[in-house]
>>> print(open('work_21.txt').read())   # compact mmCIF, C-alpha atoms and all ligand atoms
# COMPACT_ATOMS: atom_id res chain seq x y z
CA MET A 1 105.48 106.04 61.41
CA GLY A 2 106.94 107.01 58.07
CA LEU A 3 107.57 110.51 59.46
CA ASP A 4 110.49 109.37 61.57
CA LEU A 5 113.89 110.56 60.55
CA PRO A 6 116.08 107.79 59.25
CA GLN A 7 117.71 106.20 62.26
CA LEU A 8 121.42 105.94 62.58
CA GLN A 9 122.10 102.36 63.38
CA ALA A 10 125.49 100.91 63.96
CA PRO A 11 125.57 97.16 63.53
CA ASP A 12 127.50 95.82 66.49
CA SER A 13 128.52 92.67 64.61
CA LEU A 14 128.19 90.83 67.90
CA MET A 15 128.01 87.10 67.38
CA LEU A 16 125.34 85.48 69.54
CA THR A 17 126.32 82.49 71.64
CA GLY A 18 123.86 79.99 73.06
CA PHE A 19 122.65 78.73 69.66
CA TRP A 20 123.18 75.99 67.10
CA TYR A 21 125.12 76.94 63.97
CA ARG A 22 125.77 75.16 60.70
CA ALA A 23 129.44 74.20 60.67
CA LEU A 24 130.00 72.25 57.44
CA PRO A 25 128.09 70.45 54.70
CA ALA A 26 127.82 66.84 55.89
CA ASP A 27 129.24 65.44 52.65
CA ARG A 28 132.57 67.16 53.28
CA VAL A 29 133.36 64.93 56.25
CA GLN A 30 133.72 61.19 55.64
CA ARG A 31 134.05 58.54 58.35
CA ASN A 32 137.39 58.69 60.20
CA GLN A 33 138.17 62.08 58.71
CA LEU A 34 138.97 65.40 60.38
CA ARG A 35 138.09 68.78 58.86
CA LYS A 36 138.73 72.32 59.99
CA ALA A 37 135.85 74.77 60.44
CA MET A 38 135.46 78.23 61.97
CA LEU A 39 132.38 79.43 63.86
CA LEU A 40 132.04 82.75 65.71
CA GLY A 41 135.80 83.15 65.59
CA ILE A 42 136.29 79.75 67.24
CA PRO A 43 138.49 77.32 65.32
CA LEU A 44 136.96 73.86 65.32
CA VAL A 45 137.94 70.42 64.17
CA ILE A 46 134.94 68.51 62.88
CA GLY A 47 135.13 64.76 62.38
CA ARG A 48 133.11 61.62 61.99
CA ASP A 49 133.58 58.38 63.89
CA PRO A 50 133.47 54.92 62.23
CA ARG A 51 129.72 54.65 62.93
CA GLY A 52 129.16 57.94 61.10
CA HIS A 53 128.52 60.12 64.15
CA ALA A 54 129.91 63.62 63.81
CA PHE A 55 131.82 65.43 66.53
CA ALA A 56 133.21 68.93 67.08
CA LEU A 57 136.20 69.89 69.18
CA ARG A 58 138.01 73.14 69.68
CA ASP A 59 140.94 72.99 67.31
CA ALA A 60 143.55 73.59 70.00
CA CYS A 61 144.99 71.09 72.44
CA PRO A 62 144.38 72.10 76.07
CA HIS A 63 148.01 71.23 76.84
CA ARG A 64 149.92 73.73 74.71
CA GLY A 65 147.58 74.68 71.92
CA MET A 66 148.61 72.43 69.07
CA PRO A 67 145.77 72.29 66.50
CA LEU A 68 144.02 68.99 67.04
CA HIS A 69 143.29 68.56 63.34
CA CYS A 70 147.01 67.76 63.00
CA GLY A 71 146.49 64.78 65.31
CA ARG A 72 145.70 61.14 64.71
CA PHE A 73 142.16 59.80 65.05
CA ASP A 74 141.88 56.09 65.87
CA GLY A 75 138.10 55.97 65.60
CA GLU A 76 137.53 56.72 69.27
CA ASN A 77 140.19 59.06 70.55
CA LEU A 78 142.09 61.90 68.96
CA GLU A 79 145.79 61.92 69.74
CA CYS A 80 147.52 65.30 69.75
CA SER A 81 150.53 65.36 67.43
CA TYR A 82 152.75 67.24 69.90
CA HIS A 83 152.91 65.14 73.11
CA GLY A 84 150.39 62.43 72.38
CA TRP A 85 147.65 63.38 74.83
CA GLN A 86 144.48 61.55 73.84
CA PHE A 87 140.92 62.88 73.99
CA ASP A 88 137.54 61.20 73.60
CA VAL A 89 136.18 62.91 70.47
CA HIS A 90 132.56 62.96 71.68
CA ASN A 91 133.05 64.76 74.98
CA GLY A 92 136.64 65.97 74.88
CA GLN A 93 137.65 64.08 78.03
CA CYS A 94 141.35 63.31 78.28
CA GLN A 95 142.09 59.57 78.22
CA LEU A 96 145.85 59.41 78.30
CA ILE A 97 148.94 61.52 78.97
CA PRO A 98 151.87 59.40 77.78
CA SER A 99 154.55 61.30 79.74
CA LEU A 100 153.08 60.39 83.16
CA THR A 101 154.94 57.79 85.18
CA ALA A 102 153.16 55.15 87.26
CA ASP A 103 153.62 57.08 90.53
CA GLN A 104 152.44 60.45 89.15
CA LYS A 105 148.88 60.91 90.29
CA LEU A 106 147.59 63.60 87.89
CA LYS A 107 143.90 62.87 87.30
CA VAL A 108 143.87 62.64 83.53
CA ASP A 109 140.08 62.32 83.30
CA ARG A 110 139.56 65.73 84.86
CA ILE A 111 141.13 67.39 81.83
CA TYR A 112 139.04 68.28 78.79
CA ALA A 113 139.65 69.48 75.28
CA GLY A 114 136.97 71.99 74.26
CA SER A 115 134.03 70.00 72.92
CA TYR A 116 130.75 71.12 71.36
CA PRO A 117 127.42 69.34 70.98
CA CYS A 118 127.26 68.23 67.36
CA GLU A 119 124.34 67.03 65.20
CA GLU A 120 123.70 66.26 61.60
CA GLN A 121 120.53 67.73 60.16
CA ASP A 122 119.35 68.08 56.55
CA GLY A 123 122.78 67.62 55.02
CA PHE A 124 124.71 69.85 57.41
CA ILE A 125 126.77 69.26 60.52
CA TRP A 126 125.66 71.67 63.24
CA ALA A 127 127.56 72.64 66.36
CA TYR A 128 126.10 74.21 69.47
CA ILE A 129 128.12 77.21 70.64
CA PRO A 130 127.30 77.76 74.34
CA ASP A 131 127.50 81.02 76.22
CA PRO A 132 131.09 81.49 77.19
CA SER A 133 131.49 79.94 80.60
CA PRO A 134 134.26 80.89 82.99
CA GLN A 135 137.22 79.12 81.49
CA GLY A 136 138.28 76.30 83.78
CA ALA A 137 141.52 76.11 81.82
CA GLY A 138 140.86 72.68 80.47
CA PHE A 139 138.97 71.46 83.54
CA THR A 140 135.44 72.23 82.37
CA GLN A 141 133.09 69.68 80.93
CA ARG A 142 131.21 70.77 77.91
CA ALA A 143 127.84 72.53 78.06
CA GLU A 144 124.90 70.59 76.66
CA ALA A 145 122.47 72.11 74.17
CA PRO A 146 119.00 72.97 75.48
CA GLY A 147 117.34 71.39 72.42
CA PRO A 148 118.04 69.74 69.07
CA ALA A 149 119.47 71.57 66.05
CA PRO A 150 116.92 73.29 63.78
CA GLN A 151 115.32 71.20 61.04
CA ILE A 152 113.60 71.91 57.77
CA GLU A 153 109.89 71.30 58.00
CA LYS A 154 108.74 68.62 55.55
CA PHE A 155 105.17 67.84 54.53
CA SER A 156 105.40 64.42 52.87
CA ALA A 157 107.42 61.24 53.26
CA LYS A 158 109.17 61.57 49.92
CA TYR A 159 111.11 64.67 49.00
CA LYS A 160 114.35 65.91 47.54
CA THR A 161 116.90 68.25 49.03
CA ALA A 162 119.76 70.42 47.82
CA TYR A 163 122.02 73.02 49.32
CA LEU A 164 124.00 76.05 48.26
CA THR A 165 126.67 77.83 50.19
CA ALA A 166 128.59 81.09 49.72
CA GLU A 167 131.00 83.09 51.86
CA MET A 168 130.68 86.83 52.20
CA PRO A 169 133.26 89.29 53.54
CA VAL A 170 130.84 91.17 55.79
CA SER A 171 129.78 90.86 59.43
CA ILE A 172 126.85 88.70 60.48
CA ASP A 173 124.64 91.79 60.79
CA HIS A 174 125.15 92.90 57.21
CA GLY A 175 124.74 89.34 56.01
CA ILE A 176 121.41 89.00 57.79
CA ILE A 177 119.90 92.35 56.95
CA GLY A 178 121.01 91.85 53.35
CA LEU A 179 119.00 88.65 53.37
CA MET A 180 115.81 90.24 54.72
CA ASP A 181 116.03 93.47 52.73
CA PRO A 182 113.23 93.67 50.13
CA ALA A 183 114.38 96.83 48.35
CA HIS A 184 117.54 95.53 46.67
CA GLY A 185 115.66 93.05 44.49
CA PRO A 186 115.01 95.21 41.43
CA PHE A 187 118.61 96.45 41.41
CA VAL A 188 120.61 93.40 42.32
CA HIS A 189 118.51 90.49 41.09
CA GLN A 190 117.91 91.46 37.50
CA ALA A 191 117.84 88.83 34.80
CA TRP A 192 115.93 88.75 31.53
CA TRP A 193 114.09 85.60 32.57
CA TRP A 194 113.27 87.03 35.97
CA ARG A 195 112.51 90.71 36.13
CA SER A 196 113.86 94.11 35.20
CA ARG A 197 114.09 97.16 37.42
CA HIS A 198 111.06 98.53 35.58
CA SER A 199 108.85 95.90 37.12
CA ILE A 200 109.12 97.70 40.46
CA HIS A 201 105.73 98.12 42.12
CA GLU A 202 104.13 98.81 45.46
CA LYS A 203 103.78 95.92 47.89
CA GLN A 204 102.10 95.46 51.20
CA LYS A 205 102.97 92.63 53.59
CA ASN A 206 101.70 91.65 57.02
CA PHE A 207 104.13 90.76 59.77
CA GLU A 208 103.56 89.32 63.20
CA PRO A 209 105.78 88.55 66.20
CA ILE A 210 106.74 84.92 66.84
CA PRO A 211 109.06 83.61 69.58
CA ASN A 212 112.57 85.05 69.01
CA GLY A 213 111.56 86.49 65.66
CA PHE A 214 108.89 87.62 63.23
CA ARG A 215 106.78 86.15 60.47
CA MET A 216 105.68 87.47 57.14
CA SER A 217 102.20 86.03 57.41
CA ALA A 218 100.88 83.39 55.06
CA HIS A 219 99.88 85.10 51.87
CA THR A 220 99.50 84.45 48.19
CA PRO A 221 102.91 85.53 46.96
CA SER A 222 103.08 88.58 44.73
CA SER A 223 105.42 86.77 42.34
CA ASN A 224 108.97 87.49 43.41
CA SER A 225 110.25 84.15 44.56
CA ALA A 226 111.93 81.56 42.44
CA PRO A 227 110.10 78.45 43.62
CA TYR A 228 106.85 80.35 43.36
CA LYS A 229 107.35 81.04 39.68
CA LEU A 230 108.03 77.39 39.06
CA LEU A 231 105.18 76.31 41.29
CA ARG A 232 102.73 78.39 39.31
CA LEU A 233 103.36 76.03 36.42
CA TYR A 234 101.92 73.19 38.48
CA ALA A 235 99.19 74.54 40.62
CA ASP A 236 96.37 76.99 40.52
CA ALA A 237 97.94 80.28 41.59
CA ASP A 238 95.21 81.11 44.10
CA SER A 239 95.94 78.02 46.14
CA ILE A 240 99.56 78.97 46.72
CA THR A 241 100.54 80.34 50.10
CA THR A 242 103.91 81.29 51.41
CA THR A 243 105.17 81.98 54.92
CA ILE A 244 108.54 83.46 55.73
CA ASP A 245 109.93 83.45 59.27
CA PHE A 246 113.03 85.00 60.71
CA VAL A 247 114.18 83.65 64.06
CA LEU A 248 117.30 84.52 66.07
CA PRO A 249 120.14 84.08 65.74
CA ASN A 250 120.18 83.60 61.96
CA LEU A 251 117.35 81.41 60.68
CA ARG A 252 115.17 82.25 57.71
CA THR A 253 112.48 79.73 56.90
CA GLU A 254 110.38 79.90 53.77
CA ILE A 255 107.50 77.53 53.24
CA ILE A 256 105.43 77.48 50.07
CA ARG A 257 102.44 75.20 49.81
CA ALA A 258 100.03 74.49 46.98
CA GLY A 259 97.74 71.56 47.60
CA LYS A 260 99.90 68.46 47.88
CA TYR A 261 102.96 70.24 46.59
CA TRP A 262 105.36 72.00 48.89
CA PHE A 263 108.72 73.71 48.95
CA SER A 264 110.49 74.38 52.21
CA SER A 265 113.83 76.02 52.86
CA LEU A 266 116.01 76.95 55.79
CA THR A 267 118.59 79.62 55.07
CA THR A 268 121.19 80.53 57.66
CA VAL A 269 123.80 83.26 57.78
CA THR A 270 126.61 81.98 59.96
CA PRO A 271 129.18 84.21 61.62
CA ILE A 272 132.63 82.87 60.81
CA THR A 273 134.67 85.76 62.16
CA ARG A 274 133.69 89.33 62.99
CA ASN A 275 134.07 90.37 59.36
CA GLN A 276 133.05 87.28 57.55
CA CYS A 277 129.89 85.24 57.27
CA ARG A 278 128.56 82.38 55.19
CA ILE A 279 125.12 81.89 53.72
CA ASP A 280 123.78 78.33 53.48
CA VAL A 281 120.51 77.68 51.72
CA VAL A 282 119.07 74.21 52.23
CA ALA A 283 115.82 73.38 50.47
CA ALA A 284 113.50 70.39 50.50
CA TRP A 285 110.56 69.90 48.12
CA ASN A 286 108.25 67.38 46.55
CA LEU A 287 107.47 69.41 43.46
CA PHE A 288 109.53 68.12 40.64
CA ARG A 289 110.02 64.49 41.40
CA TRP A 290 108.66 63.47 38.03
CA LEU A 291 110.28 66.31 36.11
CA PRO A 292 113.94 65.60 35.36
CA PHE A 293 115.22 69.17 35.10
CA GLY A 294 113.18 70.62 37.99
CA PRO A 295 115.80 70.48 40.73
CA GLU A 296 118.56 71.66 38.42
CA LEU A 297 116.44 74.59 37.33
CA LEU A 298 115.69 75.51 40.92
CA LYS A 299 119.31 75.21 41.90
CA PHE A 300 120.32 77.34 38.93
CA VAL A 301 117.92 80.10 39.94
CA PHE A 302 119.05 80.00 43.58
CA ALA A 303 122.73 79.87 42.69
CA LYS A 304 122.28 82.93 40.53
CA PHE A 305 120.57 84.84 43.36
CA VAL A 306 123.08 83.83 45.97
CA GLU A 307 125.95 84.81 43.69
CA GLN A 308 124.36 88.21 43.04
CA ASP A 309 124.01 88.75 46.80
CA ARG A 310 127.55 87.56 47.46
CA ARG A 311 129.00 89.86 44.83
CA THR A 312 126.99 92.80 46.16
CA MET A 313 128.19 92.26 49.72
CA GLU A 314 131.76 91.92 48.51
CA LEU A 315 131.45 95.41 47.03
CA GLN A 316 129.59 96.69 50.08
CA ALA A 317 132.48 95.53 52.27
CA GLU A 318 134.67 98.05 50.45
CA GLY A 319 132.27 100.84 51.44
CA LEU A 320 131.99 99.62 55.02
CA GLN A 321 135.71 99.44 55.55
CA TYR A 322 136.09 102.87 57.19
CA ASN A 323 132.93 102.80 59.33
CA PRO A 324 130.60 105.11 57.44
CA HIS A 325 127.39 106.32 59.10
CA LEU A 326 124.47 104.19 58.05
CA MET A 327 120.73 104.70 58.15
CA LEU A 328 117.71 102.47 58.05
CA ILE A 329 114.44 103.81 56.66
CA ASP A 330 110.80 102.85 57.06
CA ASP A 331 109.22 100.72 55.86
CA ALA A 332 111.69 98.84 53.71
CA ASP A 333 114.31 98.55 56.45
CA ARG A 334 111.86 97.81 59.25
CA PRO A 335 112.68 94.09 59.29
CA ALA A 336 116.35 95.06 59.71
CA LYS A 337 115.38 97.26 62.67
CA TRP A 338 113.45 94.39 64.20
CA TYR A 339 116.50 92.20 63.82
CA PHE A 340 118.65 94.67 65.78
CA GLN A 341 115.90 95.09 68.39
CA LEU A 342 115.52 91.33 68.79
CA LYS A 343 119.23 90.93 69.21
CA ALA A 344 119.36 93.70 71.82
CA ALA A 345 116.34 92.20 73.64
CA TYR A 346 117.94 88.77 73.67
CA LEU A 347 121.19 90.10 75.13
CA GLU A 348 119.32 92.19 77.69
CA ALA A 349 117.25 89.19 78.82
CA ARG A 350 120.34 87.04 79.13
CA ARG A 351 122.19 89.69 81.10
CA ASN A 352 119.34 90.07 83.58
CA ARG A 353 118.29 86.41 83.52
CA VAL A 354 114.70 87.30 82.72
CA PRO A 355 112.45 86.17 79.85
CA MET A 356 113.07 88.03 76.61
CA LYS A 357 110.79 90.98 75.94
CA HIS A 358 109.69 90.92 72.31
CA PRO A 359 110.20 94.26 70.56
CA MET A 360 106.97 93.91 68.52
CA SER A 361 103.68 94.29 70.37
CA GLY A 362 101.45 92.89 67.63
CA PRO A 363 100.87 92.52 63.88
CA VAL A 364 102.25 95.23 61.60
CA THR A 365 101.63 95.98 57.94
CA LEU A 366 104.60 97.26 55.97
CA LYS A 367 104.58 98.88 52.55
CA TRP A 368 107.38 99.41 50.09
CA ARG A 369 108.12 99.43 46.38
CA SER A 370 110.23 96.66 44.96
S1 LIG B 401 150.16 70.30 72.87
FE1 LIG B 401 148.87 68.63 72.68
S2 LIG B 401 149.79 67.08 73.83
FE2 LIG B 401 151.05 68.79 74.15
FE FE B 402 119.20 89.13 47.54
>>> encode(input="work_21.txt", output="structure tokens")
Amino acid sequence: MGLDLPQLQAPDSLMLTGFWYRALPADRVQRNQLRKAMLLGIPLVIGRDPRGHAFALRDACPHRGMPLHCGRFDGENLECSYHGWQFDVHNGQCQLIPSLTADQKLKVDRIYAGSYPCEEQDGFIWAYIPDPSPQGAGFTQRAEAPGPAPQIEKFSAKYKTAYLTAEMPVSIDHGIIGLMDPAHGPFVHQAWWWRSRHSIHEKQKNFEPIPNGFRMSAHTPSSNSAPYKLLRLYADADSITTTIDFVLPNLRTEIIRAGKYWFSSLTTVTPITRNQCRIDVVAAWNLFRWLPFGPELLKFVFAKFVEQDRRTMELQAEGLQYNPHLMLIDDADRPAKWYFQLKAAYLEARRNRVPMKHPMSGPVTLKWRS
């Protein structure tokens, strides 16, 4: 290792189906409202019924394609604005076709608008995007999700949460490997109160395989994370441990614990279209409940980082426009390589209907300067 030539690696930008994805911040959809959203190139209409339950439908009427967000929602059914077909918002089943006469025997309840399992979790509305099934042209019931939407792990009853979101004009692959890339820190995330590029130093981190992903093992952080710097003000530095997981298709979990204090975040990079993704950082913590400016400070630091990443990827998109050759080097880009290998292994397993073969055979130590 280390002697390998840099590998040419073409991100395929393939968007993985069969997973839950964050669709919209929950506070953007009030009761009885409809909102547009786009996931994996699929236009959706997201809404909330009078009891507060969210739903997700494909934003195209199965009759002749009228966007359903143009329709009227009566609290139970959504009525298409073109010919008035009505659909149950929670399963997409057609309830009424107004043009049918009494002697016309079309079975209305066999027709479905595209419908997606929908859940609210930690301030976001999630939708489950199933593997594409053979299109029954409006006669297929929706696929159910194999499990609940991902949640942030919390370690006490009382905590606060906040979220940040930013869109980036790059494919899901570049969004994700940009998130896990340790080497851009000194160049992109400079700030006088944070670090300069001269603070670059050698680091060594241990990684291990976990189901569908990999973990940067629990360690005392070297100092480069925002909550860590704040946490050090509260707790004895030696008691602080941090664990960072990446799990397919797009989940990055970071958990920092110091005695009774904890900070936990779930960051996702969501494919919107082939050339566009969105980063959503949702954090929960019990650190600063008695300190009035704590959350604002944390949010300020995160917002700054996310904006620096967003701006960088916006510029990168210019370079990527004409398909340049790219290379990934050891060890700094190894997590990116694992991401591509995991993705390939997942697709392979699904194609052959066999359990996924994990690309890592055991723990690995990586070294880099950042
Ligand atoms: S297009 Fe929706 S009812 Fe005709
Ligand atoms: Fe970054």
>>> closest_atom_pairs(input="work_21.txt", of="chain A", to="ligand LIG 401 (chain B)", cutoff="12 Å", atoms="all atoms listed in the file", output="JSON lines")
{"residue": "A:Asp59", "atom": "CA", "partner": "B:LIG401", "partner_atom": "FE1", "distance": 10.5}
{"residue": "A:Ala60", "atom": "CA", "partner": "B:LIG401", "partner_atom": "FE1", "distance": 7.8}
{"residue": "A:Cys61", "atom": "CA", "partner": "B:LIG401", "partner_atom": "FE1", "distance": 4.6}
{"residue": "A:Pro62", "atom": "CA", "partner": "B:LIG401", "partner_atom": "FE1", "distance": 6.6}
{"residue": "A:His63", "atom": "CA", "partner": "B:LIG401", "partner_atom": "S1", "distance": 4.6}
{"residue": "A:Arg64", "atom": "CA", "partner": "B:LIG401", "partner_atom": "S1", "distance": 3.9}
{"residue": "A:Gly65", "atom": "CA", "partner": "B:LIG401", "partner_atom": "S1", "distance": 5.2}
{"residue": "A:Met66", "atom": "CA", "partner": "B:LIG401", "partner_atom": "S1", "distance": 4.6}
{"residue": "A:Pro67", "atom": "CA", "partner": "B:LIG401", "partner_atom": "FE1", "distance": 7.8}
{"residue": "A:Leu68", "atom": "CA", "partner": "B:LIG401", "partner_atom": "FE1", "distance": 7.4}
{"residue": "A:His69", "atom": "CA", "partner": "B:LIG401", "partner_atom": "FE1", "distance": 10.9}
{"residue": "A:Cys70", "atom": "CA", "partner": "B:LIG401", "partner_atom": "FE1", "distance": 9.9}
{"residue": "A:Gly71", "atom": "CA", "partner": "B:LIG401", "partner_atom": "FE1", "distance": 8.6}
{"residue": "A:Arg72", "atom": "CA", "partner": "B:LIG401", "partner_atom": "FE1", "distance": 11.4}
{"residue": "A:Leu78", "atom": "CA", "partner": "B:LIG401", "partner_atom": "FE1", "distance": 10.3}
{"residue": "A:Glu79", "atom": "CA", "partner": "B:LIG401", "partner_atom": "S2", "distance": 7.7}
{"residue": "A:Cys80", "atom": "CA", "partner": "B:LIG401", "partner_atom": "FE1", "distance": 4.6}
{"residue": "A:Ser81", "atom": "CA", "partner": "B:LIG401", "partner_atom": "FE1", "distance": 6.4}
{"residue": "A:Tyr82", "atom": "CA", "partner": "B:LIG401", "partner_atom": "FE2", "distance": 4.8}
{"residue": "A:His83", "atom": "CA", "partner": "B:LIG401", "partner_atom": "S2", "distance": 3.7}
{"residue": "A:Gly84", "atom": "CA", "partner": "B:LIG401", "partner_atom": "S2", "distance": 4.9}
{"residue": "A:Trp85", "atom": "CA", "partner": "B:LIG401", "partner_atom": "S2", "distance": 4.4}
{"residue": "A:Gln86", "atom": "CA", "partner": "B:LIG401", "partner_atom": "S2", "distance": 7.7}
{"residue": "A:Phe87", "atom": "CA", "partner": "B:LIG401", "partner_atom": "S2", "distance": 9.8}
{"residue": "A:Cys94", "atom": "CA", "partner": "B:LIG401", "partner_atom": "S2", "distance": 10.3}
{"residue": "A:Gln95", "atom": "CA", "partner": "B:LIG401", "partner_atom": "S2", "distance": 11.6}
{"residue": "A:Leu96", "atom": "CA", "partner": "B:LIG401", "partner_atom": "S2", "distance": 9.7}
{"residue": "A:Ile97", "atom": "CA", "partner": "B:LIG401", "partner_atom": "S2", "distance": 7.6}
{"residue": "A:Pro98", "atom": "CA", "partner": "B:LIG401", "partner_atom": "S2", "distance": 8.9}
{"residue": "A:Ser99", "atom": "CA", "partner": "B:LIG401", "partner_atom": "S2", "distance": 9.5}
{"residue": "A:Leu100", "atom": "CA", "partner": "B:LIG401", "partner_atom": "S2", "distance": 11.9}
{"residue": "A:Ile111", "atom": "CA", "partner": "B:LIG401", "partner_atom": "S2", "distance": 11.8}
{"residue": "A:Tyr112", "atom": "CA", "partner": "B:LIG401", "partner_atom": "FE1", "distance": 11.6}
{"residue": "A:Ala113", "atom": "CA", "partner": "B:LIG401", "partner_atom": "FE1", "distance": 9.6}
{"residue": "A:Gly138", "atom": "CA", "partner": "B:LIG401", "partner_atom": "FE1", "distance": 11.9}
>>> write_last_selection(input="work_21.txt", atoms="C-alpha atoms", output="compact mmCIF listing (two decimals), keeping the file's coordinate frame")
# COMPACT_ATOMS: atom_id res chain seq x y z
CA ASP A 59 140.94 72.99 67.31
CA ALA A 60 143.55 73.59 70.00
CA CYS A 61 144.99 71.09 72.44
CA PRO A 62 144.38 72.10 76.07
CA HIS A 63 148.01 71.23 76.84
CA ARG A 64 149.92 73.73 74.71
CA GLY A 65 147.58 74.68 71.92
CA MET A 66 148.61 72.43 69.07
CA PRO A 67 145.77 72.29 66.50
CA LEU A 68 144.02 68.99 67.04
CA HIS A 69 143.29 68.56 63.34
CA CYS A 70 147.01 67.76 63.00
CA GLY A 71 146.49 64.78 65.31
CA ARG A 72 145.70 61.14 64.71
CA LEU A 78 142.09 61.90 68.96
CA GLU A 79 145.79 61.92 69.74
CA CYS A 80 147.52 65.30 69.75
CA SER A 81 150.53 65.36 67.43
CA TYR A 82 152.75 67.24 69.90
CA HIS A 83 152.91 65.14 73.11
CA GLY A 84 150.39 62.43 72.38
CA TRP A 85 147.65 63.38 74.83
CA GLN A 86 144.48 61.55 73.84
CA PHE A 87 140.92 62.88 73.99
CA CYS A 94 141.35 63.31 78.28
CA GLN A 95 142.09 59.57 78.22
CA LEU A 96 145.85 59.41 78.30
CA ILE A 97 148.94 61.52 78.97
CA PRO A 98 151.87 59.40 77.78
CA SER A 99 154.55 61.30 79.74
CA LEU A 100 153.08 60.39 83.16
CA ILE A 111 141.13 67.39 81.83
CA TYR A 112 139.04 68.28 78.79
CA ALA A 113 139.65 69.48 75.28
CA GLY A 138 140.86 72.68 80.47
>>> closest_residue(input="work_21.txt", among="A:Trp20, A:Phe73, A:Phe246, A:Tyr116", to="A:Leu57", atoms="only C-alpha atoms")
A:Tyr116
>>> atom_distance(input="work_21.txt", atom1="atom CA of A:Gly175", atom2="atom CA of A:Pro146")
26.1 Å
>>> atom_distance(input="work_21.txt", atom1="atom CA of A:Lys299", atom2="atom CA of A:His189")
15.3 Å
>>> closest_residue(input="work_21.txt", among="A:Asp181, A:Glu202, A:Glu254, A:Glu153", to="ligand FE 402 (chain B)", atoms="all atoms listed in the file")
A:Asp181
>>> closest_residue(input="work_21.txt", among="A:Ala127, A:Ala166, A:Ala345, A:Ala183", to="ligand FE 402 (chain B)", atoms="all atoms listed in the file")
A:Ala183
>>> residues_near_ligand(input="work_21.txt", ligand="ligand FE 402 (chain B)", cutoff="10 Å", atoms="all atoms listed in the file", output="JSON, numbers by chain")
{"A": [177, 178, 179, 180, 181, 182, 183, 184, 185, 186, 187, 188, 189, 302, 304, 305, 306, 307, 308, 309, 310, 312, 313]}
>>> atom_distance(input="work_21.txt", atom1="atom CA of A:Gly47", atom2="atom CA of A:Tyr128")
14.9 Å
>>> closest_residue(input="work_21.txt", among="A:Arg142, A:Lys205, A:Lys357, A:His219", to="A:Arg334", atoms="only C-alpha atoms")
A:Lys205
>>> residues_around(input="work_21.txt", residues="A:Leu248", least_positions_apart="3", cutoff="7 Å", atoms="only C-alpha atoms", output="list in words")
Asn212, Gly213 and Leu251 of chain A
>>> residues_around(input="work_21.txt", residues="A:Val364", least_positions_apart="3", cutoff="8 Å", atoms="all atoms listed in the file", output="list in words")
Asn206, Phe207 and Glu208 of chain A
>>> closest_residue(input="work_21.txt", among="A:Pro324, A:Pro295, A:Pro363, A:Pro271", to="A:Gly41", atoms="all atoms listed in the file")
A:Pro271
>>> closest_residue(input="work_21.txt", among="A:Tyr339, A:Thr165, A:Thr273, A:Trp368", to="A:Val247", atoms="only C-alpha atoms")
A:Tyr339
>>> residues_around(input="work_21.txt", residues="A:Glu76", least_positions_apart="3", cutoff="8 Å", atoms="only C-alpha atoms", output="PDB file with C-alpha atoms, keeping the file's coordinate frame")
ATOM      1  CA  ASP A  49     133.580  58.380  63.890  1.00  0.00           C
ATOM      2  CA  PHE A  73     142.160  59.800  65.050  1.00  0.00           C
ATOM      3  CA  ASP A  88     137.540  61.200  73.600  1.00  0.00           C
ATOM      4  CA  VAL A  89     136.180  62.910  70.470  1.00  0.00           C
TER       5      VAL A  89
END
>>> residues_around(input="work_21.txt", residues="A:Arg48", least_positions_apart="6", cutoff="6 Å", atoms="all atoms listed in the file", output="list of chain:residue names")
A:Arg31, A:Asn32, A:Ala54
>>> decode(input="work_21.txt", residues="stretch 173-181 of chain A", atoms="N, CA and C atoms", output="PDB file, in the first residue's frame")
ATOM      1  N   ASP A 173     -21.838  11.442  -5.891  1.00  0.00           N
ATOM      2  CA  ASP A 173     -20.511  10.902  -5.584  1.00  0.00           C
ATOM      3  C   ASP A 173     -19.550  11.998  -5.141  1.00  0.00           C
ATOM      4  N   HIS A 174     -19.525  13.101  -5.859  1.00  0.00           N
ATOM      5  CA  HIS A 174     -18.611  14.180  -5.466  1.00  0.00           C
ATOM      6  C   HIS A 174     -19.046  14.820  -4.157  1.00  0.00           C
ATOM      7  N   GLY A 175     -20.343  14.886  -3.951  1.00  0.00           N
ATOM      8  CA  GLY A 175     -20.837  15.419  -2.682  1.00  0.00           C
ATOM      9  C   GLY A 175     -20.371  14.558  -1.521  1.00  0.00           C
ATOM     10  N   ILE A 176     -20.468  13.250  -1.679  1.00  0.00           N
ATOM     11  CA  ILE A 176     -20.111  12.343  -0.585  1.00  0.00           C
ATOM     12  C   ILE A 176     -18.607  12.276  -0.360  1.00  0.00           C
ATOM     13  N   ILE A 177     -17.842  12.143  -1.423  1.00  0.00           N
ATOM     14  CA  ILE A 177     -16.401  12.029  -1.177  1.00  0.00           C
ATOM     15  C   ILE A 177     -15.824  13.376  -0.725  1.00  0.00           C
ATOM     16  N   GLY A 178     -16.491  14.459  -1.077  1.00  0.00           N
ATOM     17  CA  GLY A 178     -16.088  15.766  -0.549  1.00  0.00           C
ATOM     18  C   GLY A 178     -16.312  15.844   0.953  1.00  0.00           C
ATOM     19  N   LEU A 179     -17.330  15.146   1.394  1.00  0.00           N
ATOM     20  CA  LEU A 179     -17.672  15.147   2.826  1.00  0.00           C
ATOM     21  C   LEU A 179     -16.681  14.315   3.636  1.00  0.00           C
ATOM     22  N   MET A 180     -16.177  13.212   3.041  1.00  0.00           N
ATOM     23  CA  MET A 180     -15.316  12.315   3.817  1.00  0.00           C
ATOM     24  C   MET A 180     -13.832  12.570   3.583  1.00  0.00           C
ATOM     25  N   ASP A 181     -13.520  13.552   2.776  1.00  0.00           N
ATOM     26  CA  ASP A 181     -12.145  13.836   2.387  1.00  0.00           C
ATOM     27  C   ASP A 181     -11.421  14.637   3.471  1.00  0.00           C
TER      28      ASP A 181
END
